[in-house]
file final-v2.cif (mmCIF, C-alpha atoms)
data_final
#
loop_
_atom_site.label_atom_id
_atom_site.label_comp_id
_atom_site.auth_asym_id
_atom_site.auth_seq_id
_atom_site.Cartn_x
_atom_site.Cartn_y
_atom_site.Cartn_z
CA MET A 1 69.65 28.90 130.22
CA VAL A 2 72.37 31.53 130.10
CA LYS A 3 73.79 32.25 126.63
CA GLY A 4 77.33 31.27 127.75
CA ASP A 5 76.11 27.88 129.00
CA TYR A 6 74.30 27.25 125.71
CA MET A 7 77.39 28.16 123.67
CA ALA A 8 79.62 25.92 125.80
CA LYS A 9 77.20 22.99 125.40
CA LEU A 10 76.97 23.64 121.66
CA SER A 11 80.77 23.72 121.37
CA ASN A 12 81.02 20.47 123.34
CA SER A 13 78.43 18.82 121.09
CA ILE A 14 80.21 19.93 117.92
CA GLU A 15 83.55 18.70 119.29
CA GLU A 16 82.05 15.31 120.22
CA PHE A 17 80.44 14.99 116.78
CA LEU A 18 83.70 15.79 114.98
CA ASN A 19 85.66 13.39 117.19
CA LEU A 20 83.16 10.63 116.41
CA LEU A 21 83.51 11.28 112.68
CA LEU A 22 87.29 11.39 113.04
CA GLU A 23 87.24 8.03 114.79
CA GLU A 24 85.12 6.52 111.99
CA ALA A 25 87.46 8.03 109.37
CA ASP A 26 90.62 6.66 111.04
CA GLY A 27 91.85 10.12 112.02
CA ASN A 28 91.50 11.83 108.63
CA LEU A 29 88.19 13.66 108.14
CA GLU A 30 87.00 15.92 105.36
CA ILE A 31 83.53 17.47 105.72
CA GLN A 32 81.63 20.50 104.50
CA ARG A 33 81.27 23.24 107.10
CA SER A 34 77.63 23.77 106.03
CA LYS A 35 76.74 20.17 106.92
CA ILE A 36 77.96 20.71 110.46
CA SER A 37 76.27 24.09 110.87
CA ASP A 38 73.01 22.64 109.46
CA LYS A 39 73.16 19.68 111.85
CA PHE A 40 73.64 21.94 114.87
CA ASN A 41 71.59 24.87 113.55
CA CYS A 42 74.42 27.29 114.22
CA ALA A 43 76.51 29.88 112.42
CA PRO A 44 79.72 28.80 110.65
CA SER A 45 81.61 31.05 113.07
CA GLN A 46 80.68 28.62 115.86
CA ILE A 47 82.29 25.80 113.88
CA ASN A 48 85.40 27.97 113.43
CA TYR A 49 85.49 28.64 117.17
CA VAL A 50 85.45 24.91 117.95
CA LEU A 51 88.17 24.23 115.39
CA THR A 52 90.49 26.97 116.64
CA THR A 53 90.07 26.16 120.33
CA ARG A 54 89.64 22.39 120.43
CA PHE A 55 91.43 21.02 117.36
CA THR A 56 94.82 22.69 117.71
CA PRO A 57 98.32 21.57 116.75
CA TYR A 58 99.14 21.55 120.48
CA LYS A 59 96.48 18.87 120.92
CA GLY A 60 97.71 16.87 117.93
CA TYR A 61 95.41 18.08 115.15
CA TYR A 62 96.18 19.52 111.76
CA VAL A 63 93.24 21.51 110.35
CA GLU A 64 92.74 22.86 106.84
CA SER A 65 89.76 25.02 106.04
CA ARG A 66 88.47 26.35 102.74
CA ARG A 67 85.66 28.89 102.88
CA GLY A 68 82.89 29.58 100.41
CA GLY A 69 79.96 27.64 98.99
CA GLY A 70 81.92 24.45 98.40
CA GLY A 71 84.07 25.03 101.47
CA TYR A 72 85.25 22.14 103.52
CA ILE A 73 87.11 21.35 106.69
CA ARG A 74 89.83 18.75 106.82
CA ILE A 75 90.95 17.51 110.23
CA VAL A 76 93.85 15.10 110.63
CA ARG A 77 94.68 13.60 114.00
CA VAL A 78 98.44 13.24 114.23
CA GLU A 79 100.03 10.71 116.55
CA ILE A 80 102.81 12.47 118.43
CA LYS A 81 105.63 10.17 119.54
CA ASN A 82 106.91 12.42 122.31
CA LYS A 83 103.99 14.53 123.49
CA SER A 84 105.80 16.14 126.44
CA ARG A 85 108.60 17.27 124.12
CA MET A 86 106.07 18.71 121.67
CA GLU A 87 104.25 20.56 124.46
CA LYS A 88 107.55 22.03 125.70
CA ILE A 89 108.50 23.21 122.21
CA PHE A 90 105.06 24.71 121.60
CA LYS A 91 104.85 26.48 124.96
CA GLU A 92 108.43 27.48 125.70
CA GLU A 93 110.08 27.83 122.31
CA ILE A 94 107.29 29.02 120.02
CA GLY A 95 104.54 30.31 122.31
CA ASP A 96 101.68 32.43 120.94
CA SER A 97 103.94 34.86 119.11
CA LEU A 98 107.24 34.31 117.34
CA THR A 99 109.75 36.74 115.84
CA LYS A 100 111.48 36.02 112.54
CA GLY A 101 114.83 35.65 114.31
CA LYS A 102 113.51 33.09 116.79
CA ALA A 103 111.73 31.19 113.98
CA ASP A 104 115.02 31.00 112.05
CA GLN A 105 116.79 29.63 115.14
CA ILE A 106 114.18 26.89 115.57
CA ILE A 107 114.30 26.00 111.86
CA ASP A 108 118.12 25.92 111.91
CA GLU A 109 117.99 23.57 114.89
CA LEU A 110 115.54 21.27 113.06
CA VAL A 111 117.96 21.19 110.12
CA HIS A 112 120.88 20.51 112.47
CA LEU A 113 118.96 17.63 114.12
CA GLU A 114 118.14 16.32 110.62
CA TYR A 115 114.37 16.62 111.00
CA LEU A 116 114.56 18.86 107.90
CA THR A 117 116.89 19.01 104.93
CA GLN A 118 118.71 22.25 104.27
CA ARG A 119 116.35 22.94 101.36
CA GLU A 120 113.22 22.30 103.45
CA GLY A 121 114.59 24.63 106.12
CA GLU A 122 115.14 27.40 103.58
CA LEU A 123 111.64 26.94 102.17
CA ILE A 124 110.09 27.18 105.62
CA LYS A 125 112.15 30.30 106.37
CA VAL A 126 110.72 31.91 103.25
CA LEU A 127 107.22 30.87 104.31
CA VAL A 128 107.50 32.57 107.71
CA ASN A 129 109.52 35.66 106.74
CA ASP A 130 108.11 39.17 107.03
CA ARG A 131 107.70 39.56 103.27
CA SER A 132 105.50 36.43 103.06
CA LEU A 133 103.44 37.62 106.03
CA ASN A 134 103.25 41.20 104.79
CA LYS A 135 99.44 41.42 104.72
CA ALA A 136 99.13 40.12 108.29
CA ASN A 137 100.30 43.55 109.57
CA GLU A 138 100.14 43.53 113.39
CA ASN A 139 99.48 39.77 113.61
CA LYS A 140 102.69 38.65 111.86
CA ASN A 141 104.31 37.10 114.91
CA GLU A 142 101.14 35.26 115.95
CA LEU A 143 100.63 33.95 112.41
CA ARG A 144 104.29 32.92 112.22
CA ALA A 145 103.90 30.96 115.48
CA ASP A 146 100.78 29.18 114.19
CA ILE A 147 102.46 28.27 110.90
CA LEU A 148 105.56 26.89 112.60
CA LYS A 149 103.47 24.87 115.09
CA ASN A 150 101.58 23.23 112.23
CA ILE A 151 104.81 22.46 110.38
CA MET A 152 106.39 21.00 113.52
CA LEU A 153 103.34 18.88 114.16
CA VAL A 154 103.97 17.12 110.86
CA ILE A 155 107.76 16.97 111.25
CA LEU A 156 107.84 15.55 114.77
CA GLN A 157 105.11 12.96 114.43
#
call {"tool": "encode", "arguments": {"input": "final-v2.cif", "output": "structure tokens"}}
result
Amino acid sequence: MVKGDYMAKLSNSIEEFLNLLLEEADGNLEIQRSKISDKFNCAPSQINYVLTTRFTPYKGYYVESRRGGGGYIRIVRVEIKNKSRMEKIFKEEIGDSLTKGKADQIIDELVHLEYLTQREGELIKVLVNDRSLNKANENKNELRADILKNIMLVILQ
């Protein structure tokens, strides 16, 4: 078997396993990364790959991850009321990279539409500003896009 085929099958198996657990946990799962990697006899990086490619905000998942010995993964399946609207916002408005100016415009619009209070909007602006993302260096705009997608996933559910 070619290495790529094996990795794809492994990723599929991990995804299926996590979806089963999510179903049993009514869409809110917390599990240790080591338990998954032990079950599938794989490196934690393979688990990370599955999480970042298959459990994305675009697909309706909110994922938290804490690394280290007691590290865990928390996956929450979010029901999106208007999936086509969410997809349009994620693809056309936010995309894979987002400038501070564009992020501010989106946040201002969410405040205007009363999805956010003025205070919440200001807090989110601080969260995604260049000073907060200072250590991200060249990945600031990508990180800003990811943060805003996760926030919007919660707001628009």
call {"tool": "residues_around", "arguments": {"input": "final-v2.cif", "residues": "Gly27 in chain A", "least_positions_apart": "5", "cutoff": "9 Å", "atoms": "only C-alpha atoms", "output": "list in words"}}
result
Asn19, Leu21, Leu22, Ile75, Val76, Arg77 and Val78 of chain A
call {"tool": "resolve_selection", "arguments": {"input": "final-v2.cif", "expression": "the PyMOL selection byres ((chain A and resi 40-50) around 12)", "output": "PyMOL selection string"}}
result
chain A and resi 6-19+31-39+51-56+63-69+71-73
call {"tool": "atom_distance", "arguments": {"input": "final-v2.cif", "atom1": "CA of Gln105 in chain A", "atom2": "CA of Ser132 in chain A"}}
result
17.9 Å
call {"tool": "atom_distance", "arguments": {"input": "final-v2.cif", "atom1": "CA of Thr117 in chain A", "atom2": "CA of Ala136 in chain A"}}
result
27.8 Å
call {"tool": "atom_distance", "arguments": {"input": "final-v2.cif", "atom1": "CA of Ile89 in chain A", "atom2": "CA of Ile107 in chain A"}}
result
12.2 Å
call {"tool": "closest_residue", "arguments": {"input": "final-v2.cif", "among": "A:Val126, A:Val111, A:Ile94, A:Lys135", "to": "Leu148 in chain A", "atoms": "only C-alpha atoms"}}
result
A:Ile94
